[in-house]
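*Asks:* Mind looking over this structure? Questions follow.
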Amino acid sequence: GKGLVLLLAADHPFERIVGIDCAPEMCTQALRNLSGYCNPSQRCQSIDILCMDAGDYSFPQKELVIYLFNPFGVRVIRRVLTNLFARGPQETWIVYYNPVFGKELDKSPNLTRQIATESYIIYRSKKPLMAE
């Protein structure tokens, strides 16, 4: 999108924020919006925008919070989930606003619903079993 969610996230103490969009014009607009952003409450200074197919993104091996606003179709969601859980068992939260394809996330053996409303669903990754 145009970067609004990135700016809102920047007010929180995230280590890094990454926005991904496959539309060059949206990435250009988001970069413009970020370049003029100046807010004393900003706590995260590391914000990147990647112009790419989200299904090709390699997630870092860290705890993550992912925000989706019904951004793409079911095939891309499946690829995103495959890439997400290929990285290992790090804790992950997914906030899915306007969850048109929420059933795809519901099918994932790696996620459990935490909160569900008509507008959004919040998922959390299942914790791996600890070796005894």
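Ordering of the structure tokens sets the chain letters (A, B, ...), residue numbers begin anew at 1 in every chain, and ligands are numbered from 1 in the order given.
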Can you tell me, as a ChimeraX atom specification, what residues are no more than 7 Å from range 81-93 of chain A when counting only C-alpha atoms, ignoring any on the same chain fewer than 3 positions away?
*Replies:* /A:58-59,61-66,77-78,123-125,128
*Asks:* Any chance you can output those residues with C-alpha atoms as a PDB file, in the first residue's frame?
*Replies:*
ATOM      1  CA  SER A  58      12.230 -15.042   2.734  1.00  0.00           C
ATOM      2  CA  PHE A  59      11.211 -14.317   6.305  1.00  0.00           C
ATOM      3  CA  GLN A  61      14.487 -16.226  11.610  1.00  0.00           C
ATOM      4  CA  LYS A  62      13.110 -13.969  14.324  1.00  0.00           C
ATOM      5  CA  GLU A  63       9.874 -13.415  16.152  1.00  0.00           C
ATOM      6  CA  LEU A  64       7.473 -11.621  13.810  1.00  0.00           C
ATOM      7  CA  VAL A  65       4.269  -9.640  13.711  1.00  0.00           C
ATOM      8  CA  ILE A  66       2.715  -9.733  10.241  1.00  0.00           C
ATOM      9  CA  ILE A  77      -1.214 -16.692   0.711  1.00  0.00           C
ATOM     10  CA  ARG A  78      -0.283 -20.363   0.477  1.00  0.00           C
ATOM     11  CA  TYR A 123      -3.428 -15.740  14.626  1.00  0.00           C
ATOM     12  CA  ARG A 124      -0.518 -16.948  16.703  1.00  0.00           C
ATOM     13  CA  SER A 125       1.966 -19.605  15.748  1.00  0.00           C
ATOM     14  CA  PRO A 128       6.997 -26.256  19.178  1.00  0.00           C
TER      15      PRO A 128
END
*Asks:* May I have all residues of range 37-111 of chain A that DSSP, computed from the backbone, assigns to strand (DSSP E), given as number ranges by chain?
*Replies:* A: 47-51, 64-69, 92-97, 111
*Asks:* If you count only C-alpha atoms, which residues fall within 10 Å of range 22-26 of chain A, apart from same-chain ones fewer than 4 positions away, as a short mmCIF file (atom, residue, chain, number, x, y, z; two decimals) with C-alpha atoms, in the first residue's frame?
*Replies:*
data_model
loop_
_atom_site.label_atom_id
_atom_site.label_comp_id
_atom_site.auth_asym_id
_atom_site.auth_seq_id
_atom_site.Cartn_x
_atom_site.Cartn_y
_atom_site.Cartn_z
CA GLY A 1 0.00 0.00 0.00
CA LYS A 2 0.97 3.62 0.49
CA GLY A 3 2.81 3.09 3.78
CA ALA A 30 4.97 4.62 0.12
CA LEU A 31 8.60 5.75 -0.17
CA ARG A 32 7.42 9.34 -0.71
CA ILE A 49 9.84 -1.13 1.40
CA LEU A 50 10.35 -4.05 -0.94
CA CYS A 51 8.76 -4.05 -4.37
CA MET A 52 8.28 -7.78 -4.94
CA ASP A 53 5.86 -10.68 -4.89
CA ALA A 54 5.16 -11.44 -1.22
CA PHE A 72 -3.47 -11.02 -2.42
#
*Asks:* Report as a ChimeraX atom specification all protein, DNA and RNA residues lying within 10 Å of Ala10 in chain A, evaluated on only C-alpha atoms, omitting residues in the same chain fewer than 5 positions from it.
*Replies:* /A:4-5,15-17,39,41-47
*Asks:* May I have the residues from that selection written out with N, CA, C and O atoms, as a PDB file, in the first residue's frame?
*Replies:*
ATOM      1  N   LEU A   4       0.868   3.700   5.132  1.00  0.00           N
ATOM      2  CA  LEU A   4       0.231   4.128   6.379  1.00  0.00           C
ATOM      3  C   LEU A   4       0.473   3.135   7.512  1.00  0.00           C
ATOM      4  O   LEU A   4       0.832   3.523   8.622  1.00  0.00           O
ATOM      5  N   VAL A   5       0.307   1.859   7.249  1.00  0.00           N
ATOM      6  CA  VAL A   5       0.488   0.848   8.293  1.00  0.00           C
ATOM      7  C   VAL A   5       1.938   0.843   8.786  1.00  0.00           C
ATOM      8  O   VAL A   5       2.194   0.660   9.970  1.00  0.00           O
ATOM      9  N   GLU A  15      12.116  -3.888  15.975  1.00  0.00           N
ATOM     10  CA  GLU A  15      13.508  -3.801  15.537  1.00  0.00           C
ATOM     11  C   GLU A  15      13.581  -3.309  14.092  1.00  0.00           C
ATOM     12  O   GLU A  15      14.440  -2.520  13.719  1.00  0.00           O
ATOM     13  N   ARG A  16      12.655  -3.819  13.269  1.00  0.00           N
ATOM     14  CA  ARG A  16      12.647  -3.488  11.842  1.00  0.00           C
ATOM     15  C   ARG A  16      11.224  -3.655  11.324  1.00  0.00           C
ATOM     16  O   ARG A  16      10.490  -4.541  11.775  1.00  0.00           O
ATOM     17  N   ILE A  17      10.856  -2.805  10.370  1.00  0.00           N
ATOM     18  CA  ILE A  17       9.544  -2.888   9.734  1.00  0.00           C
ATOM     19  C   ILE A  17       9.779  -3.020   8.242  1.00  0.00           C
ATOM     20  O   ILE A  17      10.567  -2.270   7.654  1.00  0.00           O
ATOM     21  N   ASN A  39       7.780  12.229  13.264  1.00  0.00           N
ATOM     22  CA  ASN A  39       6.888  12.118  14.409  1.00  0.00           C
ATOM     23  C   ASN A  39       7.735  11.867  15.652  1.00  0.00           C
ATOM     24  O   ASN A  39       8.512  10.917  15.684  1.00  0.00           O
ATOM     25  N   SER A  41       6.947  10.563  18.309  1.00  0.00           N
ATOM     26  CA  SER A  41       6.628   9.293  18.970  1.00  0.00           C
ATOM     27  C   SER A  41       7.191   8.079  18.224  1.00  0.00           C
ATOM     28  O   SER A  41       7.017   6.952  18.662  1.00  0.00           O
ATOM     29  N   GLN A  42       7.880   8.320  17.113  1.00  0.00           N
ATOM     30  CA  GLN A  42       8.435   7.210  16.331  1.00  0.00           C
ATOM     31  C   GLN A  42       9.504   6.490  17.140  1.00  0.00           C
ATOM     32  O   GLN A  42      10.443   7.089  17.636  1.00  0.00           O
ATOM     33  N   ARG A  43       9.346   5.153  17.258  1.00  0.00           N
ATOM     34  CA  ARG A  43      10.290   4.352  18.039  1.00  0.00           C
ATOM     35  C   ARG A  43      11.111   3.398  17.180  1.00  0.00           C
ATOM     36  O   ARG A  43      12.114   2.877  17.631  1.00  0.00           O
ATOM     37  N   CYS A  44      10.662   3.143  15.969  1.00  0.00           N
ATOM     38  CA  CYS A  44      11.417   2.284  15.050  1.00  0.00           C
ATOM     39  C   CYS A  44      11.880   3.138  13.873  1.00  0.00           C
ATOM     40  O   CYS A  44      11.064   3.744  13.187  1.00  0.00           O
ATOM     41  N   GLN A  45      13.185   3.168  13.660  1.00  0.00           N
ATOM     42  CA  GLN A  45      13.759   3.966  12.575  1.00  0.00           C
ATOM     43  C   GLN A  45      14.086   3.122  11.336  1.00  0.00           C
ATOM     44  O   GLN A  45      14.335   3.662  10.270  1.00  0.00           O
ATOM     45  N   SER A  46      14.082   1.813  11.483  1.00  0.00           N
ATOM     46  CA  SER A  46      14.459   0.917  10.387  1.00  0.00           C
ATOM     47  C   SER A  46      13.202   0.459   9.642  1.00  0.00           C
ATOM     48  O   SER A  46      12.535  -0.494  10.052  1.00  0.00           O
ATOM     49  N   ILE A  47      12.886   1.163   8.556  1.00  0.00           N
ATOM     50  CA  ILE A  47      11.696   0.849   7.761  1.00  0.00           C
ATOM     51  C   ILE A  47      12.135   0.636   6.321  1.00  0.00           C
ATOM     52  O   ILE A  47      12.781   1.506   5.727  1.00  0.00           O
TER      53      ILE A  47
END
*Asks:* CA of Val74 in chain A and CA of Gly19 in chain A are how many Å apart?
*Replies:*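 Distance reported for this atom pair: 19.4 Å.
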